[in-house]
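What follows is coords31.pdb (PDB, C-alpha atoms).
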MODEL        1
ATOM      1  CA  MET J   1      36.005  30.501  76.375
ATOM      2  CA  THR J   2      39.016  29.621  78.510
ATOM      3  CA  THR J   3      41.437  32.500  78.979
ATOM      4  CA  ALA J   4      45.184  32.096  79.069
ATOM      5  CA  SER J   5      45.111  33.094  82.737
ATOM      6  CA  ALA J   6      42.791  30.187  83.578
ATOM      7  CA  ILE J   7      45.105  27.730  81.797
ATOM      8  CA  VAL J   8      48.104  29.169  83.647
ATOM      9  CA  ASP J   9      46.303  28.641  86.977
ATOM     10  CA  LEU J  10      45.620  25.001  86.082
ATOM     11  CA  CYS J  11      49.262  24.483  85.147
ATOM     12  CA  ARG J  12      50.357  25.935  88.488
ATOM     13  CA  LEU J  13      47.933  23.672  90.338
ATOM     14  CA  ARG J  14      49.257  20.555  88.596
ATOM     15  CA  PHE J  15      52.845  21.698  89.030
ATOM     16  CA  GLY J  16      52.326  22.349  92.756
ATOM     17  CA  ASP J  17      53.171  26.016  92.477
ATOM     18  CA  THR J  18      49.958  27.873  93.266
ATOM     19  CA  ALA J  19      52.014  30.730  94.727
ATOM     20  CA  ALA J  20      53.645  31.238  91.298
ATOM     21  CA  ASP J  21      57.152  31.133  92.746
ATOM     22  CA  PHE J  22      58.500  29.318  89.684
ATOM     23  CA  LEU J  23      55.653  29.434  87.158
ATOM     24  CA  THR J  24      55.492  33.199  86.924
ATOM     25  CA  THR J  25      52.900  34.693  84.604
ATOM     26  CA  ASP J  26      55.449  35.821  82.004
ATOM     27  CA  ARG J  27      57.269  32.480  81.999
ATOM     28  CA  CYS J  28      54.067  30.445  81.831
ATOM     29  CA  LEU J  29      52.571  32.577  79.061
ATOM     30  CA  ALA J  30      55.759  32.184  77.014
ATOM     31  CA  TRP J  31      55.552  28.404  77.374
ATOM     32  CA  LEU J  32      51.850  28.454  76.629
ATOM     33  CA  ASP J  33      52.616  30.372  73.416
ATOM     34  CA  GLU J  34      55.166  27.711  72.505
ATOM     35  CA  ALA J  35      52.622  24.971  73.227
ATOM     36  CA  GLN J  36      49.971  26.623  71.095
ATOM     37  CA  ASN J  37      52.327  27.151  68.165
ATOM     38  CA  ALA J  38      53.493  23.541  68.391
ATOM     39  CA  PHE J  39      49.878  22.353  68.310
ATOM     40  CA  VAL J  40      49.079  24.620  65.363
ATOM     41  CA  GLU J  41      52.160  23.526  63.418
ATOM     42  CA  ILE J  42      51.465  19.845  63.920
ATOM     43  CA  LEU J  43      47.709  19.565  63.719
ATOM     44  CA  TYR J  44      45.634  22.668  63.344
ATOM     45  CA  PRO J  45      46.859  25.142  60.746
ATOM     46  CA  LEU J  46      45.239  28.546  61.233
ATOM     47  CA  ARG J  47      44.459  30.105  57.885
ATOM     48  CA  ARG J  48      43.847  33.721  57.069
ATOM     49  CA  THR J  49      42.866  35.791  54.043
ATOM     50  CA  LYS J  50      44.453  39.227  53.844
ATOM     51  CA  SER J  51      43.615  41.848  51.212
ATOM     52  CA  PHE J  52      45.714  44.596  49.648
ATOM     53  CA  ILE J  53      45.087  47.939  48.014
ATOM     54  CA  VAL J  54      47.547  49.330  45.505
ATOM     55  CA  VAL J  55      48.959  52.553  44.213
ATOM     56  CA  ALA J  56      49.645  53.063  40.521
ATOM     57  CA  ASN J  57      52.433  50.835  39.159
ATOM     58  CA  GLN J  58      53.023  49.072  42.473
ATOM     59  CA  GLU J  59      54.476  45.608  41.954
ATOM     60  CA  SER J  60      55.779  44.471  45.376
ATOM     61  CA  PHE J  61      54.132  44.140  48.784
ATOM     62  CA  THR J  62      55.183  43.480  52.361
ATOM     63  CA  LEU J  63      54.073  40.106  53.716
ATOM     64  CA  PRO J  64      52.500  39.734  57.181
ATOM     65  CA  ASP J  65      54.917  38.744  59.958
ATOM     66  CA  GLU J  66      52.562  35.952  61.031
ATOM     67  CA  LEU J  67      52.688  34.261  57.593
ATOM     68  CA  VAL J  68      54.156  30.750  57.523
ATOM     69  CA  ILE J  69      53.723  29.713  53.866
ATOM     70  CA  LEU J  70      52.003  31.688  51.122
ATOM     71  CA  GLU J  71      49.546  29.318  49.457
ATOM     72  CA  VAL J  72      47.182  31.232  47.178
ATOM     73  CA  VAL J  73      47.128  34.702  45.586
ATOM     74  CA  THR J  74      43.911  35.846  43.905
ATOM     75  CA  VAL J  75      42.877  38.930  41.991
ATOM     76  CA  THR J  76      39.232  40.023  41.846
ATOM     77  CA  ARG J  77      37.627  41.358  38.690
ATOM     78  CA  SER J  78      33.999  40.441  38.108
ATOM     79  CA  MET J  79      34.940  37.254  39.985
ATOM     80  CA  ARG J  80      38.016  35.918  41.768
ATOM     81  CA  HIS J  81      40.875  34.504  39.702
ATOM     82  CA  GLU J  82      43.855  32.651  41.095
ATOM     83  CA  MET J  83      47.240  33.998  40.017
ATOM     84  CA  LYS J  84      49.909  31.524  38.943
ATOM     85  CA  TYR J  85      53.092  31.112  40.962
ATOM     86  CA  LEU J  86      56.436  31.274  39.140
ATOM     87  CA  ILE J  87      59.860  30.683  40.649
ATOM     88  CA  PRO J  88      61.821  33.978  40.777
ATOM     89  CA  THR J  89      64.015  33.212  37.741
ATOM     90  CA  GLU J  90      61.001  32.312  35.588
ATOM     91  CA  PHE J  91      59.130  35.347  36.876
ATOM     92  CA  GLU J  92      61.958  37.688  35.861
ATOM     93  CA  ARG J  93      62.355  36.002  32.468
ATOM     94  CA  MET J  94      58.642  36.312  31.772
ATOM     95  CA  LYS J  95      58.562  39.895  32.991
ATOM     96  CA  THR J  96      61.471  41.073  30.835
ATOM     97  CA  SER J  97      60.361  39.256  27.705
ATOM     98  CA  SER J  98      56.615  39.808  27.909
ATOM     99  CA  ARG J  99      54.560  42.771  26.753
ATOM    100  CA  MET J 100      51.657  41.775  28.993
ATOM    101  CA  THR J 101      49.373  44.482  30.342
ATOM    102  CA  GLY J 102      46.147  44.396  32.270
ATOM    103  CA  TRP J 103      45.272  42.455  35.403
ATOM    104  CA  PRO J 104      47.993  40.626  37.398
ATOM    105  CA  ALA J 105      48.372  36.992  36.403
ATOM    106  CA  TYR J 106      51.633  35.842  38.066
ATOM    107  CA  TRP J 107      53.300  36.109  41.453
ATOM    108  CA  THR J 108      56.586  35.199  43.089
ATOM    109  CA  LEU J 109      58.487  35.745  46.341
ATOM    110  CA  LYS J 110      61.807  37.576  46.576
ATOM    111  CA  ASP J 111      63.560  39.116  49.579
ATOM    112  CA  GLN J 112      60.568  38.246  51.770
ATOM    113  CA  ARG J 113      58.262  40.336  49.588
ATOM    114  CA  LEU J 114      55.421  39.427  47.224
ATOM    115  CA  TYR J 115      55.791  40.478  43.573
ATOM    116  CA  ILE J 116      52.980  40.473  40.999
ATOM    117  CA  TRP J 117      52.908  40.909  37.215
ATOM    118  CA  PRO J 118      51.544  42.744  35.367
ATOM    119  CA  PHE J 119      51.184  45.376  38.073
ATOM    120  CA  PHE J 120      48.100  47.542  38.489
ATOM    121  CA  SER J 121      48.452  50.599  36.282
ATOM    122  CA  ILE J 122      46.114  52.799  38.341
ATOM    123  CA  ALA J 123      45.496  53.356  42.034
ATOM    124  CA  SER J 124      42.492  51.931  43.858
ATOM    125  CA  ALA J 125      39.201  53.815  43.633
ATOM    126  CA  TYR J 126      37.616  54.958  46.863
ATOM    127  CA  ALA J 127      34.418  56.407  48.247
ATOM    128  CA  ILE J 128      33.618  58.411  51.366
ATOM    129  CA  THR J 129      31.262  57.390  54.163
ATOM    130  CA  GLY J 130      28.213  59.573  54.619
ATOM    131  CA  GLN J 131      27.802  59.091  58.375
ATOM    132  CA  THR J 132      29.488  57.818  61.528
ATOM    133  CA  HIS J 133      29.612  54.025  61.778
ATOM    134  CA  THR J 134      29.979  51.976  64.955
ATOM    135  CA  SER J 135      32.127  48.856  65.173
ATOM    136  CA  SER J 136      29.073  46.557  65.102
ATOM    137  CA  GLU J 137      27.204  47.884  62.061
ATOM    138  CA  THR J 138      26.777  45.444  59.178
ATOM    139  CA  GLN J 139      25.704  48.059  56.618
ATOM    140  CA  ILE J 140      28.109  50.801  55.574
ATOM    141  CA  LYS J 141      26.699  53.915  53.911
ATOM    142  CA  LEU J 142      28.831  55.536  51.208
ATOM    143  CA  ALA J 143      28.596  58.843  49.433
ATOM    144  CA  SER J 144      28.925  56.811  46.237
ATOM    145  CA  VAL J 145      29.407  53.160  45.307
ATOM    146  CA  GLY J 146      30.808  53.985  41.877
ATOM    147  CA  GLY J 147      33.647  51.612  41.030
ATOM    148  CA  PHE J 148      32.759  49.136  43.772
ATOM    149  CA  ARG J 149      32.210  45.504  42.815
ATOM    150  CA  ASP J 150      29.012  43.693  43.758
ATOM    151  CA  TYR J 151      30.844  41.817  46.533
ATOM    152  CA  GLY J 152      34.322  41.680  47.955
ATOM    153  CA  ARG J 153      36.580  43.352  50.468
ATOM    154  CA  ALA J 154      37.416  46.919  51.360
ATOM    155  CA  ILE J 155      39.550  48.806  53.883
ATOM    156  CA  ILE J 156      38.178  51.636  56.010
ATOM    157  CA  GLY J 157      40.823  54.294  56.537
ATOM    158  CA  THR J 158      44.169  52.520  56.736
ATOM    159  CA  GLN J 159      43.304  49.895  59.353
ATOM    160  CA  GLU J 160      40.049  47.972  59.395
ATOM    161  CA  GLU J 161      39.415  45.405  56.682
ATOM    162  CA  ILE J 162      35.808  44.435  55.923
ATOM    163  CA  GLU J 163      34.070  41.916  53.694
ATOM    164  CA  TYR J 164      30.658  42.597  52.155
ATOM    165  CA  THR J 165      28.236  40.435  50.191
ATOM    166  CA  GLY J 166      26.206  43.012  48.264
ATOM    167  CA  ILE J 167      25.330  46.608  47.421
ATOM    168  CA  SER J 168      21.958  48.277  47.938
ATOM    169  CA  SER J 169      21.546  51.904  46.897
ATOM    170  CA  THR J 170      24.632  53.548  48.453
ATOM    171  CA  PHE J 171      25.108  50.882  51.148
ATOM    172  CA  LEU J 172      27.547  48.000  51.358
ATOM    173  CA  THR J 173      25.450  45.180  52.835
ATOM    174  CA  GLY J 174      26.187  41.904  54.599
ATOM    175  CA  VAL J 175      29.352  43.434  56.028
ATOM    176  CA  THR J 176      31.693  41.370  58.206
ATOM    177  CA  ARG J 177      33.827  43.699  60.302
ATOM    178  CA  GLY J 178      37.476  43.354  61.280
ATOM    179  CA  VAL J 179      38.521  40.544  58.909
ATOM    180  CA  GLY J 180      42.091  39.655  57.939
ATOM    181  CA  GLY J 181      43.341  40.014  61.493
ATOM    182  CA  THR J 182      42.188  43.637  61.811
ATOM    183  CA  VAL J 183      40.001  45.106  64.553
ATOM    184  CA  ALA J 184      36.456  46.408  64.057
ATOM    185  CA  SER J 185      36.345  50.095  65.018
ATOM    186  CA  SER J 186      34.043  53.096  64.937
ATOM    187  CA  HIS J 187      34.599  55.465  62.001
ATOM    188  CA  ALA J 188      33.579  59.100  61.746
ATOM    189  CA  SER J 189      31.872  60.612  58.737
ATOM    190  CA  GLY J 190      34.474  61.342  56.104
ATOM    191  CA  ALA J 191      36.537  58.192  56.613
ATOM    192  CA  SER J 192      37.708  56.719  53.322
ATOM    193  CA  ILE J 193      36.670  53.250  52.183
ATOM    194  CA  THR J 194      38.910  51.707  49.548
ATOM    195  CA  GLN J 195      38.064  48.668  47.439
ATOM    196  CA  THR J 196      40.801  46.045  47.773
ATOM    197  CA  ASP J 197      42.525  44.720  44.681
ATOM    198  CA  PHE J 198      43.898  41.278  45.483
ATOM    199  CA  GLU J 199      44.112  38.754  48.316
ATOM    200  CA  ILE J 200      46.513  36.231  49.744
ATOM    201  CA  GLN J 201      45.643  33.096  51.695
ATOM    202  CA  TYR J 202      48.127  31.530  54.087
ATOM    203  CA  PRO J 203      48.547  29.474  57.257
ATOM    204  CA  ARG J 204      49.584  31.747  60.115
ATOM    205  CA  ARG J 205      51.299  31.461  63.451
ATOM    206  CA  ALA J 206      49.145  31.529  66.556
ATOM    207  CA  SER J 207      48.713  34.940  68.150
ATOM    208  CA  ALA J 208      50.818  35.714  71.226
ATOM    209  CA  LEU J 209      48.846  35.315  74.429
ATOM    210  CA  ALA J 210      48.205  37.802  77.193
ATOM    211  CA  SER J 211      46.571  36.814  80.502
ATOM    212  CA  THR J 212      43.108  37.895  79.374
ATOM    213  CA  SER J 213      43.261  36.536  75.814
ATOM    214  CA  THR J 214      41.974  33.225  74.519
ATOM    215  CA  PRO J 215      44.135  30.698  72.637
ATOM    216  CA  ASP J 216      43.540  30.536  68.874
ATOM    217  CA  ILE J 217      42.996  26.789  68.913
ATOM    218  CA  PRO J 218      39.425  25.595  69.682
ATOM    219  CA  SER J 219      38.484  25.308  73.362
ATOM    220  CA  VAL J 220      38.071  21.530  73.117
ATOM    221  CA  TYR J 221      41.838  21.244  72.546
ATOM    222  CA  GLN J 222      43.082  23.896  74.963
ATOM    223  CA  GLN J 223      43.505  21.544  77.910
ATOM    224  CA  LYS J 224      46.087  19.648  75.835
ATOM    225  CA  LEU J 225      48.409  22.644  76.075
ATOM    226  CA  GLN J 226      48.914  22.084  79.792
ATOM    227  CA  ASN J 227      50.971  18.911  79.317
ATOM    228  CA  TYR J 228      53.355  20.731  76.987
ATOM    229  CA  VAL J 229      53.752  23.621  79.444
ATOM    230  CA  LEU J 230      54.438  21.181  82.291
ATOM    231  CA  TYR J 231      56.949  19.318  80.118
ATOM    232  CA  LEU J 232      58.874  22.561  79.596
ATOM    233  CA  ALA J 233      58.540  23.517  83.262
ATOM    234  CA  GLU J 234      59.952  20.204  84.527
ATOM    235  CA  LEU J 235      62.680  20.295  81.899
ATOM    236  CA  SER J 236      63.636  23.796  82.992
ATOM    237  CA  ARG J 237      63.929  22.599  86.592
ATOM    238  CA  GLY J 238      66.125  19.679  85.572
ATOM    239  CA  ASN J 239      63.537  16.992  86.340
ATOM    240  CA  SER J 240      64.162  14.920  83.214
ATOM    241  CA  ALA J 241      62.051  11.933  84.230
ATOM    242  CA  LYS J 242      58.975  14.038  84.988
ATOM    243  CA  ALA J 243      59.599  16.082  81.868
ATOM    244  CA  MET J 244      59.564  12.979  79.692
ATOM    245  CA  THR J 245      56.362  11.785  81.375
ATOM    246  CA  TYR J 246      54.604  15.009  80.365
ATOM    247  CA  TYR J 247      56.221  14.837  76.923
ATOM    248  CA  GLU J 248      54.747  11.371  76.387
ATOM    249  CA  LEU J 249      51.356  12.642  77.538
ATOM    250  CA  TRP J 250      51.647  15.476  75.017
ATOM    251  CA  LYS J 251      52.420  13.030  72.211
ATOM    252  CA  GLN J 252      49.413  10.941  73.256
ATOM    253  CA  ASP J 253      47.303  14.123  73.203
ATOM    254  CA  ILE J 254      48.422  14.713  69.618
ATOM    255  CA  GLN J 255      47.500  11.186  68.599
ATOM    256  CA  ASP J 256      44.104  11.483  70.305
ATOM    257  CA  CYS J 257      43.376  14.767  68.542
ATOM    258  CA  GLU J 258      44.612  13.732  65.113
ATOM    259  CA  TYR J 259      41.459  11.949  63.974
ATOM    260  CA  ASN J 260      39.118  14.795  64.947
ATOM    261  CA  VAL J 261      41.324  17.468  63.411
ATOM    262  CA  LYS J 262      41.730  15.548  60.148
ATOM    263  CA  LYS J 263      37.975  15.034  59.994
ATOM    264  CA  GLN J 264      37.389  18.775  60.408
ATOM    265  CA  GLN J 265      39.881  19.624  57.672
ATOM    266  CA  VAL J 266      38.298  17.145  55.253
ATOM    267  CA  GLN J 267      34.841  18.548  55.929
ATOM    268  CA  ARG J 268      35.998  22.161  55.615
ATOM    269  CA  PRO J 269      38.827  22.141  53.045
ATOM    270  CA  LEU J 270      40.645  25.332  52.132
ATOM    271  CA  ARG J 271      38.943  26.644  49.033
ATOM    272  CA  ILE J 272      38.299  29.730  46.998
ATOM    273  CA  ILE J 273      34.628  30.120  46.173
ATOM    274  CA  ASP J 274      33.388  32.704  43.726
ATOM    275  CA  ALA J 275      30.298  34.629  44.702
ATOM    276  CA  ASP J 276      28.245  32.903  42.051
ATOM    277  CA  ARG J 277      29.414  29.498  43.365
ATOM    278  CA  ARG J 278      30.224  28.299  39.882
ATOM    279  CA  GLY J 279      33.670  26.986  40.688
ATOM    280  CA  MET J 280      35.998  26.108  43.533
ATOM    281  CA  GLN J 281      39.605  25.073  44.034
ATOM    282  CA  PHE J 282      41.032  23.032  46.866
ATOM    283  CA  GLY J 283      44.345  23.614  48.594
ATOM    284  CA  ASN J 284      46.510  21.004  50.274
ATOM    285  CA  PHE J 285      47.923  20.915  53.763
ATOM    286  CA  THR J 286      50.593  18.823  55.435
ATOM    287  CA  HIS J 287      51.598  18.179  58.993
ATOM    288  CA  GLY J 288      54.699  16.683  60.518
ATOM    289  CA  ASP J 289      55.269  14.206  63.317
ATOM    290  CA  PHE J 290      56.135  15.419  66.801
ATOM    291  CA  GLY J 291      59.261  14.092  68.477
TER     292      GLY J 291
ENDMDL
END
As structure tokens, how would this structure be written, given the file I've shared?
Amino acid sequence: MTTASAIVDLCRLRFGDTAADFLTTDRCLAWLDEAQNAFVEILYPLRRTKSFIVVANQESFTLPDELVILEVVTVTRSMRHEMKYLIPTEFERMKTSSRMTGWPAYWTLKDQRLYIWPFFSIASAYAITGQTHTSSETQIKLASVGGFRDYGRAIIGTQEEIEYTGISSTFLTGVTRGVGGTVASSHASGASITQTDFEIQYPRRASALASTSTPDIPSVYQQKLQNYVLYLAELSRGNSAKAMTYYELWKQDIQDCEYNVKKQQVQRPLRIIDADRRGMQFGNFTHGDFG
């Protein structure tokens, strides 16, 4: 995979600044971040599923900073159920006039926070690991699996989010480590594992790049970022004609990529699939024009 540093070097070579007198690492990385986010916004929405655990009577939750638009909120019982969105005024009217209890069925956004109703009346159940686990293990041993669903997500400690596909004896099996933007880590015996209660799905901003990191967009598209970086570099130097040349190349890159990206998104639509595969729902996406 191409690192950000390798892309920066190519930009310097094309710009005629291999000594990095103008295209310093910090400046070039900032422009590369802008290029990646522009590409993501226009063509390649990055989607993420993040899970939450609750305390008793909790009804509001902090949204991730990387979130662009909240698309789907689901609650998991024996299977996943999509909650219904209500505008804030309807949400408050329903909440004050309803005697609903039980599992959450509605959600809204207020003051950059997520609200659900009805709220969970009890805190999440948890179990304790029976041994030390490395960051690469795909089976997690618990002291007890009481209260855990047959599949789903859980959080180890307060940081790492995992997804598992089954339970065998006192093991969570088919575990995917470090999901939801978290990092897979080693955990000592005694670390808590908490079953998550509900999930949100959303398009996210691209992650900020360091020299050693890899852009979030697929490698086949990463060379396209160079033209955008060079457009900003020439513009910053006051070379308007050269800047517009690179800008036009960037727009052509977008047009060239559009067919392939659309094809990928049709073949792999955003969907919520229950474990028993009995039903699915499709989400919609939009993109704007550049320039």
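By all atoms listed in the file, and with residues fewer than 2 positions from J:Gln222 along its chain excluded, the set lying at most 10 Å from it is Met1, Thr2, Thr3, Ala4, Ile7, Ala35, Gln36, Phe39, Thr214, Pro215, Asp216, Ile217, Pro218, Ser219, Val220, Lys224, Leu225 and Gln226 of chain J.
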Q: Could you give me, as a ChimeraX atom specification, the residues that sit within 7 Å of (47.5, 31.6, 59.0) in the file's coordinates, counting only C-alpha atoms?
A: /J:45-48,66-68,202-205
Any chance you could work out the axis-aligned box around stretch 41-53 of chain J, listed atoms only, 3 Å on each side, giving centre and edge lengths in Å to one decimal, as JSON?
{"center_x": 47.5, "center_y": 33.8, "center_z": 56.0, "size_x": 15.3, "size_y": 34.4, "size_z": 21.9}
Per residue of stretch 8-94 of chain J within 12 Å of stretch 148-153 of chain J, record the nearest atom pair and its distance in Å to one decimal, counting only C-alpha atoms, with rows in chain order and ascending residue number, as JSON lines.
{"residue": "J:Thr49", "atom": "CA", "partner": "J:Arg153", "partner_atom": "CA", "distance": 10.5}
{"residue": "J:Lys50", "atom": "CA", "partner": "J:Arg153", "partner_atom": "CA", "distance": 9.5}
{"residue": "J:Ser51", "atom": "CA", "partner": "J:Arg153", "partner_atom": "CA", "distance": 7.2}
{"residue": "J:Phe52", "atom": "CA", "partner": "J:Arg153", "partner_atom": "CA", "distance": 9.3}
{"residue": "J:Ile53", "atom": "CA", "partner": "J:Arg153", "partner_atom": "CA", "distance": 10.0}
{"residue": "J:Thr74", "atom": "CA", "partner": "J:Gly152", "partner_atom": "CA", "distance": 11.9}
{"residue": "J:Val75", "atom": "CA", "partner": "J:Gly152", "partner_atom": "CA", "distance": 10.8}
{"residue": "J:Thr76", "atom": "CA", "partner": "J:Gly152", "partner_atom": "CA", "distance": 8.0}
{"residue": "J:Arg77", "atom": "CA", "partner": "J:Arg149", "partner_atom": "CA", "distance": 8.0}
{"residue": "J:Ser78", "atom": "CA", "partner": "J:Arg149", "partner_atom": "CA", "distance": 7.1}
{"residue": "J:Met79", "atom": "CA", "partner": "J:Tyr151", "partner_atom": "CA", "distance": 9.0}
{"residue": "J:Arg80", "atom": "CA", "partner": "J:Gly152", "partner_atom": "CA", "distance": 9.2}
Q. So what do you get for atom CA of J:Ser5 versus atom CA of J:Ile254, distance-wise?
A. 22.8 Å
Q) Could you pull the residues within 6 Å of stretch 155-171 of chain J, counting all atoms listed in the file, minus those fewer than 4 positions along the same chain, as a ChimeraX atom specification? A) /J:140-142,144-145,150-151,175-179,182-183,191-194
Would you put the residues from that selection into a file with C-alpha atoms, as a short mmCIF file (atom, residue, chain, number, x, y, z; two decimals), keeping the file's coordinate frame?
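The result, stored in part.cif:
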data_model
loop_
_atom_site.label_atom_id
_atom_site.label_comp_id
_atom_site.auth_asym_id
_atom_site.auth_seq_id
_atom_site.Cartn_x
_atom_site.Cartn_y
_atom_site.Cartn_z
CA ILE J 140 28.11 50.80 55.57
CA LYS J 141 26.70 53.92 53.91
CA LEU J 142 28.83 55.54 51.21
CA SER J 144 28.92 56.81 46.24
CA VAL J 145 29.41 53.16 45.31
CA ASP J 150 29.01 43.69 43.76
CA TYR J 151 30.84 41.82 46.53
CA VAL J 175 29.35 43.43 56.03
CA THR J 176 31.69 41.37 58.21
CA ARG J 177 33.83 43.70 60.30
CA GLY J 178 37.48 43.35 61.28
CA VAL J 179 38.52 40.54 58.91
CA THR J 182 42.19 43.64 61.81
CA VAL J 183 40.00 45.11 64.55
CA ALA J 191 36.54 58.19 56.61
CA SER J 192 37.71 56.72 53.32
CA ILE J 193 36.67 53.25 52.18
CA THR J 194 38.91 51.71 49.55
#
Q: Apply the PyMOL selection byres ((chain J and resi 243-253) around 10) to the displayed file and report the matching residues as a PyMOL selection string.
A: chain J and resi 35+39+221+223-242+254-258+289-291
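Pairwise distance (atom CA of J:Ser136, atom CA of J:Asp65) equals 27.5 Å.
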